[in-house]
$ cat work.cif   # mmCIF, C-alpha atoms and all ligand atoms
data_work
#
loop_
_atom_site.label_atom_id
_atom_site.label_comp_id
_atom_site.auth_asym_id
_atom_site.auth_seq_id
_atom_site.Cartn_x
_atom_site.Cartn_y
_atom_site.Cartn_z
CA MET K 1 1.86 8.37 -22.65
CA ALA K 2 -0.62 8.35 -19.76
CA VAL K 3 -0.13 11.19 -17.33
CA VAL K 4 -2.16 12.03 -14.25
CA ASP K 5 -2.76 15.71 -13.72
CA GLU K 6 -3.01 17.66 -10.49
CA SER K 7 -6.76 17.16 -10.26
CA GLY K 8 -6.35 13.41 -10.56
CA ALA K 9 -7.59 13.12 -14.13
CA LEU K 10 -5.82 10.71 -16.45
CA ARG K 11 -4.78 12.24 -19.76
CA THR K 12 -3.22 10.33 -22.59
CA HIS K 13 -0.83 11.93 -25.06
CA GLU K 14 0.10 10.33 -28.35
CA ASP K 15 3.59 10.88 -29.76
CA ALA K 16 4.85 12.25 -26.49
CA ALA K 17 8.15 12.36 -24.63
CA VAL K 18 9.24 13.03 -21.09
CA ALA K 19 12.54 14.59 -19.99
CA VAL K 20 13.89 14.08 -16.48
CA VAL K 21 16.63 16.35 -15.13
CA ASP K 22 18.22 16.02 -11.67
CA GLY K 23 15.66 13.43 -10.66
CA ALA K 24 12.57 15.48 -11.49
CA VAL K 25 10.34 15.73 -14.55
CA ALA K 26 11.54 18.74 -16.55
CA ALA K 27 9.14 18.47 -19.46
CA VAL K 28 6.27 16.31 -20.71
CA GLY K 29 4.68 16.93 -24.08
CA PRO K 30 4.91 16.44 -27.83
CA THR K 31 8.08 14.55 -28.75
CA ASP K 32 9.39 17.28 -31.06
CA ALA K 33 8.99 20.02 -28.47
CA VAL K 34 10.59 17.99 -25.66
CA THR K 35 13.48 16.59 -27.70
CA SER K 36 14.34 19.95 -29.25
CA GLU K 37 14.91 21.33 -25.77
CA TYR K 38 16.36 18.13 -24.23
CA ASP K 39 18.50 16.30 -26.80
CA PRO K 40 18.25 12.52 -26.19
CA ALA K 41 21.77 12.13 -27.67
CA GLU K 42 23.17 14.06 -24.73
CA ALA K 43 21.16 12.27 -22.04
CA ASP K 44 22.71 9.80 -19.58
CA VAL K 45 19.81 7.47 -20.34
CA ALA K 46 17.58 7.71 -23.40
CA LEU K 47 14.79 5.16 -23.81
CA ASP K 48 13.05 4.73 -27.12
CA ALA K 49 9.48 3.98 -26.08
CA ARG K 50 7.91 4.12 -29.53
CA GLY K 51 4.71 2.08 -29.57
CA LYS K 52 4.81 1.70 -25.79
CA ALA K 53 2.90 3.42 -23.04
CA VAL K 54 4.65 5.41 -20.32
CA ILE K 55 2.86 5.77 -16.97
CA PRO K 56 3.80 7.11 -13.51
CA GLY K 57 5.51 4.63 -11.18
CA PHE K 58 3.01 2.79 -8.98
CA VAL K 59 2.53 3.94 -5.39
CA ASP K 60 1.54 0.89 -3.33
CA SER K 61 -0.04 2.56 -0.30
CA HIS K 62 -0.87 -0.50 1.84
CA THR K 63 1.43 -3.47 2.40
CA HIS K 64 2.63 -5.82 5.11
CA ALA K 65 5.61 -6.63 2.88
CA LEU K 66 7.98 -7.44 5.76
CA PHE K 67 7.36 -10.90 7.16
CA ALA K 68 8.94 -14.30 7.64
CA GLY K 69 7.63 -17.84 7.26
CA ASP K 70 5.08 -19.30 4.91
CA ARG K 71 1.29 -19.71 5.09
CA ALA K 72 0.61 -21.53 1.83
CA ASP K 73 -1.14 -24.33 3.76
CA GLU K 74 -3.60 -21.79 5.20
CA PHE K 75 -4.38 -20.60 1.67
CA ALA K 76 -5.23 -24.18 0.75
CA ALA K 77 -7.36 -24.60 3.91
CA LYS K 78 -9.28 -21.42 3.11
CA LEU K 79 -10.09 -22.81 -0.32
CA ARG K 80 -11.67 -25.78 1.47
CA GLY K 81 -13.89 -23.47 3.54
CA LYS K 82 -11.90 -22.49 6.61
CA THR K 83 -12.28 -18.81 7.43
CA TYR K 84 -9.59 -16.21 8.08
CA GLN K 85 -10.99 -15.62 11.58
CA GLU K 86 -11.05 -19.34 12.44
CA ILE K 87 -7.39 -19.61 11.48
CA LEU K 88 -6.52 -16.54 13.57
CA ALA K 89 -8.54 -17.82 16.57
CA GLU K 90 -6.53 -21.08 16.43
CA GLY K 91 -3.25 -19.17 16.68
CA GLY K 92 -2.58 -19.21 12.93
CA GLY K 93 -2.72 -16.32 10.48
CA ILE K 94 -1.10 -13.15 11.78
CA LEU K 95 -0.11 -14.91 15.02
CA ARG K 96 1.80 -17.58 13.11
CA THR K 97 3.68 -14.93 11.17
CA VAL K 98 4.43 -13.19 14.49
CA ARG K 99 6.14 -16.35 15.77
CA ALA K 100 8.22 -16.57 12.58
CA VAL K 101 9.22 -12.89 12.71
CA ARG K 102 10.18 -13.08 16.39
CA GLU K 103 12.47 -16.01 15.56
CA ALA K 104 14.07 -14.35 12.52
CA ASP K 105 17.30 -12.40 12.91
CA PRO K 106 17.39 -8.75 11.79
CA ASP K 107 19.53 -9.48 8.73
CA ALA K 108 17.11 -12.16 7.56
CA LEU K 109 14.18 -9.77 7.98
CA LEU K 110 16.00 -7.15 5.94
CA ALA K 111 16.89 -9.70 3.24
CA ASN K 112 13.24 -10.79 3.03
CA LEU K 113 12.06 -7.22 2.58
CA LEU K 114 14.73 -6.39 -0.01
CA GLN K 115 13.64 -9.41 -2.01
CA GLN K 116 9.99 -8.30 -1.90
CA LEU K 117 11.04 -4.81 -3.00
CA ASP K 118 12.96 -6.26 -5.97
CA THR K 119 9.81 -8.04 -7.10
CA MET K 120 7.60 -4.99 -6.52
CA LEU K 121 10.00 -2.80 -8.47
CA SER K 122 9.97 -5.23 -11.39
CA TYR K 123 6.17 -4.77 -11.47
CA GLY K 124 6.53 -0.99 -11.55
CA THR K 125 6.23 0.05 -7.89
CA THR K 126 8.45 3.04 -7.08
CA THR K 127 7.00 3.97 -3.67
CA VAL K 128 5.62 1.55 -1.10
CA GLU K 129 4.17 1.78 2.38
CA VAL K 130 5.23 -1.05 4.71
CA LYS K 131 3.65 -1.79 8.08
CA SER K 132 5.12 -3.41 11.16
CA GLY K 133 2.69 -5.52 13.18
CA TYR K 134 4.24 -8.99 13.14
CA GLY K 135 6.19 -8.29 16.30
CA LEU K 136 3.48 -7.35 18.79
CA ASP K 137 6.13 -6.54 21.39
CA THR K 138 8.35 -3.49 21.63
CA GLU K 139 11.58 -5.23 20.70
CA THR K 140 10.26 -6.98 17.59
CA GLU K 141 8.17 -4.02 16.41
CA LEU K 142 11.33 -1.88 16.59
CA ALA K 143 13.31 -4.59 14.77
CA MET K 144 10.72 -4.56 11.98
CA LEU K 145 10.73 -0.79 11.68
CA GLY K 146 14.55 -0.83 11.75
CA ALA K 147 14.53 -3.24 8.80
CA VAL K 148 12.07 -0.99 6.96
CA ARG K 149 14.38 1.99 7.45
CA ARG K 150 17.44 0.05 6.29
CA ALA K 151 15.56 -1.18 3.24
CA ASP K 152 14.59 2.38 2.40
CA ASP K 153 18.26 3.39 2.64
CA GLN K 154 19.48 0.50 0.51
CA HIS K 155 16.80 0.02 -2.14
CA PRO K 156 15.76 2.31 -5.01
CA VAL K 157 12.08 1.98 -4.06
CA ASP K 158 10.98 4.64 -1.54
CA VAL K 159 9.73 2.87 1.58
CA VAL K 160 7.30 4.62 3.94
CA ALA K 161 7.01 3.14 7.46
CA THR K 162 3.82 2.55 9.42
CA PHE K 163 3.78 1.32 13.01
CA MET K 164 1.07 -1.31 13.51
CA GLY K 165 1.60 -2.73 16.98
CA ALA K 166 -2.20 -3.02 17.12
CA HIS K 167 -2.35 -5.59 14.32
CA ALA K 168 -3.53 -8.51 16.48
CA VAL K 169 -3.89 -9.32 20.16
CA PRO K 170 -0.90 -11.51 21.15
CA GLU K 171 -1.69 -15.05 22.26
CA GLY K 172 -2.84 -15.29 25.85
CA ARG K 173 -3.29 -11.52 26.24
CA ASP K 174 -6.36 -9.44 26.98
CA ALA K 175 -7.09 -6.83 24.27
CA ASP K 176 -7.41 -3.85 26.66
CA ASP K 177 -4.29 -4.83 28.49
CA TYR K 178 -2.42 -5.11 25.19
CA VAL K 179 -3.71 -1.70 24.06
CA ASP K 180 -2.19 -0.32 27.30
CA GLU K 181 1.15 -1.81 26.24
CA VAL K 182 0.93 -0.35 22.73
CA VAL K 183 0.06 3.09 24.10
CA GLU K 184 2.39 3.20 27.09
CA GLU K 185 5.40 1.25 25.87
CA GLN K 186 5.51 0.55 22.12
CA LEU K 187 4.41 3.93 20.79
CA PRO K 188 6.80 6.00 22.93
CA ALA K 189 9.70 3.72 21.90
CA VAL K 190 8.80 3.97 18.20
CA ALA K 191 8.41 7.74 18.42
CA LYS K 192 11.72 8.10 20.26
CA GLN K 193 13.55 6.30 17.46
CA GLY K 194 11.65 8.27 14.81
CA VAL K 195 11.18 5.14 12.72
CA ALA K 196 7.53 5.48 11.65
CA GLU K 197 5.39 8.10 10.02
CA PHE K 198 1.95 6.50 10.39
CA CYS K 199 0.13 4.50 13.05
CA ASP K 200 -2.35 1.87 11.86
CA VAL K 201 -4.77 -0.40 13.74
CA PHE K 202 -6.84 -3.47 12.81
CA CYS K 203 -10.27 -2.28 13.95
CA GLU K 204 -12.23 -5.50 13.60
CA GLU K 205 -14.56 -7.81 15.47
CA GLY K 206 -12.45 -10.14 17.61
CA VAL K 207 -9.37 -7.94 17.19
CA PHE K 208 -9.46 -4.26 18.32
CA SER K 209 -12.70 -2.48 19.21
CA VAL K 210 -13.47 1.04 18.03
CA GLU K 211 -12.61 2.39 21.47
CA GLY K 212 -9.36 0.44 21.73
CA SER K 213 -8.44 1.55 18.22
CA ARG K 214 -9.23 5.16 19.07
CA ARG K 215 -6.92 5.02 22.08
CA VAL K 216 -4.05 3.74 19.93
CA LEU K 217 -4.59 6.28 17.15
CA GLU K 218 -4.96 9.26 19.50
CA ALA K 219 -1.83 8.25 21.38
CA GLY K 220 -0.05 7.84 18.05
CA ARG K 221 -1.16 11.31 17.03
CA GLU K 222 0.29 12.72 20.27
CA HIS K 223 3.59 11.13 19.31
CA GLY K 224 3.44 12.70 15.86
CA LEU K 225 2.22 9.64 13.94
CA THR K 226 -0.62 10.13 11.45
CA PRO K 227 -3.51 7.66 11.87
CA LYS K 228 -4.58 4.99 9.38
CA VAL K 229 -7.30 2.40 9.96
CA HIS K 230 -8.01 -1.14 8.72
CA ALA K 231 -11.76 -0.57 8.63
CA GLU K 232 -14.88 -2.61 7.85
CA GLU K 233 -12.95 -5.57 6.41
CA PHE K 234 -14.89 -8.58 7.71
CA VAL K 235 -17.84 -6.92 9.45
CA HIS K 236 -19.18 -3.39 9.81
CA LEU K 237 -17.81 -2.19 13.13
CA GLY K 238 -17.33 1.58 12.92
CA GLY K 239 -13.69 1.83 11.86
CA ALA K 240 -14.52 4.12 8.94
CA ARG K 241 -16.33 6.56 11.24
CA LEU K 242 -13.37 6.41 13.58
CA ALA K 243 -11.00 7.20 10.69
CA ALA K 244 -13.09 10.27 9.88
CA GLU K 245 -13.23 11.35 13.53
CA VAL K 246 -9.49 11.12 14.12
CA GLY K 247 -8.63 12.67 10.74
CA ALA K 248 -6.82 9.60 9.42
CA ALA K 249 -4.78 9.79 6.23
CA SER K 250 -6.66 6.75 4.95
CA ALA K 251 -9.28 4.13 5.77
CA ASP K 252 -8.41 0.81 4.19
CA HIS K 253 -10.31 -2.32 3.02
CA LEU K 254 -13.89 -0.96 3.46
CA LEU K 255 -15.55 -4.14 2.16
CA HIS K 256 -18.52 -3.53 4.46
CA ALA K 257 -18.56 0.28 4.41
CA THR K 258 -21.94 1.99 4.10
CA ASP K 259 -23.02 5.09 2.19
CA GLU K 260 -22.86 7.01 5.48
CA ASP K 261 -19.29 5.85 5.98
CA ALA K 262 -18.38 7.07 2.50
CA GLU K 263 -19.98 10.42 3.27
CA ALA K 264 -18.08 10.76 6.55
CA LEU K 265 -14.74 9.80 4.97
CA VAL K 266 -15.17 12.18 2.07
CA ASP K 267 -16.22 15.05 4.38
CA ALA K 268 -13.15 14.45 6.55
CA GLY K 269 -10.77 14.18 3.57
CA VAL K 270 -9.78 10.60 4.41
CA VAL K 271 -8.48 8.63 1.40
CA PRO K 272 -10.34 5.32 0.85
CA VAL K 273 -7.80 2.60 0.05
CA LEU K 274 -9.29 -0.44 -1.65
CA LEU K 275 -7.43 -3.75 -1.69
CA PRO K 276 -9.05 -6.07 -4.23
CA GLY K 277 -6.33 -8.71 -3.90
CA THR K 278 -7.51 -9.44 -0.38
CA ALA K 279 -11.08 -10.12 -1.48
CA PHE K 280 -9.71 -12.19 -4.38
CA SER K 281 -7.54 -14.38 -2.17
CA LEU K 282 -10.23 -14.74 0.52
CA GLY K 283 -12.96 -15.45 -2.05
CA ALA K 284 -14.92 -12.57 -0.49
CA ASP K 285 -17.13 -9.95 -2.10
CA TYR K 286 -15.15 -6.97 -3.34
CA ALA K 287 -15.47 -3.50 -1.84
CA ASP K 288 -17.82 -1.19 -3.73
CA PRO K 289 -15.93 1.84 -5.01
CA ASP K 290 -19.04 3.66 -6.26
CA PRO K 291 -20.11 5.40 -3.00
CA PHE K 292 -16.62 6.92 -2.94
CA LEU K 293 -16.21 7.63 -6.65
CA ASP K 294 -19.69 9.15 -6.86
CA ARG K 295 -18.69 11.61 -4.14
CA GLY K 296 -15.48 12.53 -5.91
CA ALA K 297 -13.19 10.78 -3.42
CA PRO K 298 -9.61 9.96 -4.51
CA VAL K 299 -10.01 6.18 -4.32
CA ALA K 300 -6.62 4.47 -3.95
CA VAL K 301 -5.86 0.90 -5.07
CA ALA K 302 -3.08 -1.09 -3.38
CA THR K 303 -1.85 -4.68 -3.11
CA ASP K 304 -2.10 -5.35 0.66
CA LEU K 305 0.88 -7.68 0.12
CA ASN K 306 0.99 -10.00 3.15
CA PRO K 307 1.08 -13.78 3.77
CA ASN K 308 -2.72 -13.89 3.41
CA CYS K 309 -2.73 -11.92 0.15
CA TYR K 310 0.48 -12.90 -1.50
CA SER K 311 0.82 -10.57 -4.45
CA GLN K 312 3.47 -7.93 -5.04
CA SER K 313 1.87 -6.87 -8.30
CA MET K 314 0.19 -3.48 -8.70
CA PRO K 315 -0.78 -4.39 -12.29
CA PHE K 316 -2.73 -7.35 -10.85
CA ALA K 317 -4.38 -5.07 -8.25
CA VAL K 318 -5.37 -2.73 -11.11
CA ALA K 319 -6.83 -5.65 -13.08
CA LEU K 320 -8.87 -6.77 -10.05
CA ALA K 321 -10.02 -3.20 -9.39
CA CYS K 322 -11.41 -3.14 -12.93
CA VAL K 323 -12.79 -6.64 -13.32
CA GLY K 324 -13.78 -7.26 -9.68
CA MET K 325 -14.84 -3.79 -8.55
CA GLY K 326 -15.94 -2.21 -11.82
CA MET K 327 -13.48 0.67 -11.82
CA THR K 328 -12.48 1.99 -15.23
CA PRO K 329 -8.87 1.42 -16.30
CA ALA K 330 -8.27 5.16 -15.84
CA GLU K 331 -9.79 5.19 -12.32
CA ALA K 332 -7.81 2.13 -11.31
CA LEU K 333 -4.56 3.52 -12.71
CA VAL K 334 -5.03 6.87 -10.96
CA GLY K 335 -5.89 4.89 -7.79
CA ALA K 336 -2.64 2.96 -8.08
CA THR K 337 -0.52 6.06 -8.62
CA ARG K 338 -1.63 9.57 -7.63
CA ASN K 339 -4.31 8.52 -5.12
CA GLY K 340 -1.92 6.06 -3.51
CA ALA K 341 0.45 8.97 -2.95
CA LEU K 342 -2.37 10.94 -1.28
CA ALA K 343 -3.05 7.98 1.04
CA ILE K 344 0.49 8.26 2.37
CA ASP K 345 0.54 12.07 2.49
CA ARG K 346 3.06 12.50 -0.33
CA ASP K 347 2.36 15.93 -1.79
CA ASP K 348 5.37 16.16 -4.12
CA GLY K 349 3.27 15.10 -7.09
CA ARG K 350 4.54 11.55 -7.21
CA GLY K 351 2.11 9.26 -8.96
CA THR K 352 1.54 11.92 -11.61
CA LEU K 353 3.80 12.98 -14.46
CA ARG K 354 4.05 16.76 -14.54
CA GLN K 355 6.82 19.28 -14.62
CA GLY K 356 8.53 19.26 -11.22
CA THR K 357 7.26 15.89 -10.01
CA PRO K 358 9.68 13.06 -9.14
CA GLY K 359 11.04 11.24 -12.20
CA ASP K 360 9.36 7.96 -11.23
CA LEU K 361 7.93 6.23 -14.28
CA CYS K 362 7.34 2.93 -16.02
CA VAL K 363 7.67 2.05 -19.68
CA LEU K 364 5.15 -0.64 -20.53
CA ASP K 365 5.64 -3.39 -23.06
CA ALA K 366 2.17 -2.46 -24.28
CA PRO K 367 0.61 0.28 -26.39
CA SER K 368 -1.66 1.84 -23.74
CA HIS K 369 -2.38 1.99 -20.01
CA VAL K 370 -5.58 0.00 -20.67
CA HIS K 371 -3.38 -3.02 -21.33
CA VAL K 372 -2.41 -3.07 -17.63
CA PRO K 373 -5.79 -4.58 -16.64
CA TYR K 374 -6.67 -5.92 -20.10
CA ASN K 375 -3.62 -8.17 -20.45
CA PHE K 376 -3.90 -9.48 -16.89
CA GLY K 377 -1.72 -12.13 -15.31
CA VAL K 378 1.51 -11.06 -17.00
CA ASN K 379 3.94 -8.30 -16.15
CA PRO K 380 3.39 -5.35 -18.50
CA VAL K 381 6.35 -3.38 -17.11
CA GLU K 382 9.44 -3.26 -19.32
CA ALA K 383 11.54 -0.57 -17.63
CA VAL K 384 11.34 1.52 -14.46
CA LEU K 385 12.93 4.87 -13.69
CA LYS K 386 13.21 6.08 -10.10
CA ASP K 387 14.17 9.73 -9.67
CA GLY K 388 15.23 9.62 -13.32
CA ARG K 389 17.60 6.66 -12.85
CA LEU K 390 17.02 3.44 -14.77
CA VAL K 391 16.49 0.95 -11.92
CA HIS K 392 14.84 -1.89 -13.78
CA GLY K 393 14.89 -3.14 -17.35
O1 LIG R 1 -4.65 -6.04 5.69
N1 LIG R 1 -6.38 -7.40 8.04
C1 LIG R 1 -5.33 -7.33 8.68
N2 LIG R 1 -4.11 -7.31 8.19
C2 LIG R 1 -3.74 -7.80 6.93
C3 LIG R 1 -3.58 -9.28 6.92
C4 LIG R 1 -2.35 -9.66 7.62
C5 LIG R 1 -2.13 -11.15 7.70
O2 LIG R 1 -3.07 -11.94 7.55
O3 LIG R 1 -0.96 -11.51 7.91
C6 LIG R 1 -4.64 -7.25 5.84
O4 LIG R 1 -5.29 -8.00 5.11
FE FE R 2 -3.51 -4.62 5.84
#
$ encode --input "work.cif" --output "structure tokens"
Amino acid sequence: MAVVDESGALRTHEDAAVAVVDGAVAAVGPTDAVTSEYDPAEADVALDARGKAVIPGFVDSHTHALFAGDRADEFAAKLRGKTYQEILAEGGGILRTVRAVREADPDALLANLLQQLDTMLSYGTTTVEVKSGYGLDTETELAMLGAVRRADDQHPVDVVATFMGAHAVPEGRDADDYVDEVVEEQLPAVAKQGVAEFCDVFCEEGVFSVEGSRRVLEAGREHGLTPKVHAEEFVHLGGARLAAEVGAASADHLLHATDEDAEALVDAGVVPVLLPGTAFSLGADYADPDPFLDRGAPVAVATDLNPNCYSQSMPFAVALACVGMGMTPAEALVGATRNGALAIDRDDGRGTLRQGTPGDLCVLDAPSHVHVPYNFGVNPVEAVLKDGRLVHG
């Protein structure tokens, strides 16, 4: 069994068992000790995991899992040399997904998200953050966040909502003018409905400047939404510094972050969220985790599921974090569990397996957590428990 302790260290226990009572972990430890206190014969569910590894459920802390339409042709064009920014500048990319989401009815949006959640759950995700940002107008942003809330109500996976009205500048609009709309119209409407916990912004050359992003995040903060930043993804612009200055929960992507950025983020207690699937699907250089790891930062690893990075699989993100970014299997696994929970401000111990933490765990069809990245390209997850209930497998 691989458990993550409070300090974020991964510990493995051989011949171990876990007991979950009323949705929370009641005991983790040697099989004899646990089963003498909690008799498996009297349990509602008893799983024999002999020869298999048990790990905490994955916490996917950065996704755009709610969308409509298809961008497979853009993927093919990128392989032939077209860049992400060229596609966006031509009205494709995010803007194309915006058109599809605006045309979709609310039930179809919900159905799409539920389907994504089913897939994520089958790959071991028990908590996921989902961003809006394919509406770019008040009505559609609220429709997206409404679907996120309904999905959270209906699906076993816990779904955490982030408002991202500042995901792209709508076609034909001026960026400053659109920031005014986000601040004056979208944010107050989102806050009034209480449908988001975080506010994120795509701080990037050709999208939102540092100053525009700051306006959005500070306004979000005034409405009770905690900031997050898409920072230093394609160029180095200053989004990481901004994240530190506004006290963001996380700064995400960080492909072009500098040592100074790492220092500022660590000093401000901002969680660095690395998204190796994005670099993989763009054919870009991976983010460097070392400036963060060397400073003791809780580096999180997430999928970034979106139509440009079409993977629901946390095991695949873990494999890429190891092979592409040089993280150890233990670092990547902690990044995909406990540190993901920190990136979304969950302080109930989810992403670890300790007495009192939520009973969210995966049984792997593999003998150790190292097999998650080692046996890449297949699904290592055999069964998933959410709050102690068997929800997959
Ligand atoms: O995190 N970079 C901005 N947002 C997403 C991509 C969204 C899209 O292309 O639809 C990301 O990679
Ligand atoms: Fe993103």
$ residues_near_ligand --input "work.cif" --ligand "ligand FE 2 (chain R)" --cutoff "7 Å" --atoms "all atoms listed in the file" --output "PDB file with C-alpha atoms, in the coordinates of the input"
ATOM      1  CA  HIS K  62      -0.870  -0.500   1.840  1.00  0.00           C
ATOM      2  CA  THR K  63       1.430  -3.470   2.400  1.00  0.00           C
ATOM      3  CA  HIS K  64       2.630  -5.820   5.110  1.00  0.00           C
ATOM      4  CA  HIS K 230      -8.010  -1.140   8.720  1.00  0.00           C
ATOM      5  CA  ASP K 304      -2.100  -5.350   0.660  1.00  0.00           C
TER       6      ASP K 304
END
$ residues_near_ligand --input "work.cif" --ligand "ligand LIG 1 (chain R)" --cutoff "8 Å" --atoms "all atoms listed in the file" --output "ChimeraX atom specification"
/K:62-64,84,93-95,97,134,167,202,230,233,252-253,278,304-309
$ residues_around --input "work.cif" --residues "range 313-321 of chain K" --least-positions-apart "2" --cutoff "9 Å" --atoms "only C-alpha atoms" --output "PyMOL selection string"
chain K and resi 58-60+119-120+122-125+274-277+280+286+289+301-303+305+311+323-329+331-333+335-336+372-381
$ closest_residue --input "work.cif" --among "K:Asp137, K:Glu197, K:Glu86, K:Asp294" --to "Val159 in chain K" --atoms "only C-alpha atoms"
K:Glu197
$ residues_around --input "work.cif" --residues "Phe208 in chain K" --least-positions-apart "5" --cutoff "9 Å" --atoms "only C-alpha atoms" --output "list in words"
Ala166, His167, Ala168, Val169, Ala175, Asp176, Val179, Val201, Phe202, Cys203 and Ser213 of chain K
$ atom_distance --input "work.cif" --atom1 "CA of Gly135 in chain K" --atom2 "CA of Ala279 in chain K"
24.9 Å
$ closest_residue --input "work.cif" --among "K:Arg241, K:His369, K:His392, K:Lys82" --to "Glu263 in chain K" --atoms "all atoms listed in the file"
K:Arg241
$ atom_distance --input "work.cif" --atom1 "CA of Ile344 in chain K" --atom2 "CA of Arg221 in chain K"
15.1 Å
$ residues_around --input "work.cif" --residues "Asp70 in chain K" --least-positions-apart "2" --cutoff "10 Å" --atoms "all atoms listed in the file" --output "MDAnalysis selection string"
chainID K and resid 67:68 72:74 96:97 100 307:308
$ residues_near_point --input "work.cif" --point "(15.0, 1.1, -26.1)" --cutoff "10 Å" --atoms "only C-alpha atoms" --output "PDB file with C-alpha atoms, in the coordinates of the input"
ATOM      1  CA  VAL K  45      19.810   7.470 -20.340  1.00  0.00           C
ATOM      2  CA  ALA K  46      17.580   7.710 -23.400  1.00  0.00           C
ATOM      3  CA  LEU K  47      14.790   5.160 -23.810  1.00  0.00           C
ATOM      4  CA  ASP K  48      13.050   4.730 -27.120  1.00  0.00           C
ATOM      5  CA  ALA K  49       9.480   3.980 -26.080  1.00  0.00           C
ATOM      6  CA  ARG K  50       7.910   4.120 -29.530  1.00  0.00           C
ATOM      7  CA  VAL K 363       7.670   2.050 -19.680  1.00  0.00           C
ATOM      8  CA  GLU K 382       9.440  -3.260 -19.320  1.00  0.00           C
ATOM      9  CA  ALA K 383      11.540  -0.570 -17.630  1.00  0.00           C
ATOM     10  CA  GLY K 393      14.890  -3.140 -17.350  1.00  0.00           C
TER      11      GLY K 393
END
$ residues_around --input "work.cif" --residues "Gly296 in chain K" --least-positions-apart "3" --cutoff "12 Å" --atoms "only C-alpha atoms" --output "ChimeraX atom specification"
/K:7-9,262-263,265-267,269-272,289-293,299,331,339
$ closest_residue --input "work.cif" --among "K:Thr138, K:Thr126, K:Thr226, K:Ser132" --to "Glu184 in chain K" --atoms "only C-alpha atoms"
K:Thr138
$ closest_residue --input "work.cif" --among "K:Pro298, K:Val21, K:Lys78, K:Val28" --to "Asp44 in chain K" --atoms "all atoms listed in the file"
K:Val21
$ atom_distance --input "work.cif" --atom1 "CA of Gln115 in chain K" --atom2 "CA of Ala196 in chain K"
21.1 Å
$ residues_around --input "work.cif" --residues "Leu237 in chain K" --least-positions-apart "3" --cutoff "8 Å" --atoms "all atoms listed in the file" --output "ChimeraX atom specification"
/K:203-205,209-210,231-232
$ closest_residue --input "work.cif" --among "K:Val101, K:Val25, K:Leu242, K:Leu254" --to "Ala300 in chain K" --atoms "all atoms listed in the file"
K:Leu254
$ closest_residue --input "work.cif" --among "K:Glu37, K:Asp365, K:Asp360, K:Asp177" --to "Val3 in chain K" --atoms "all atoms listed in the file"
K:Asp360
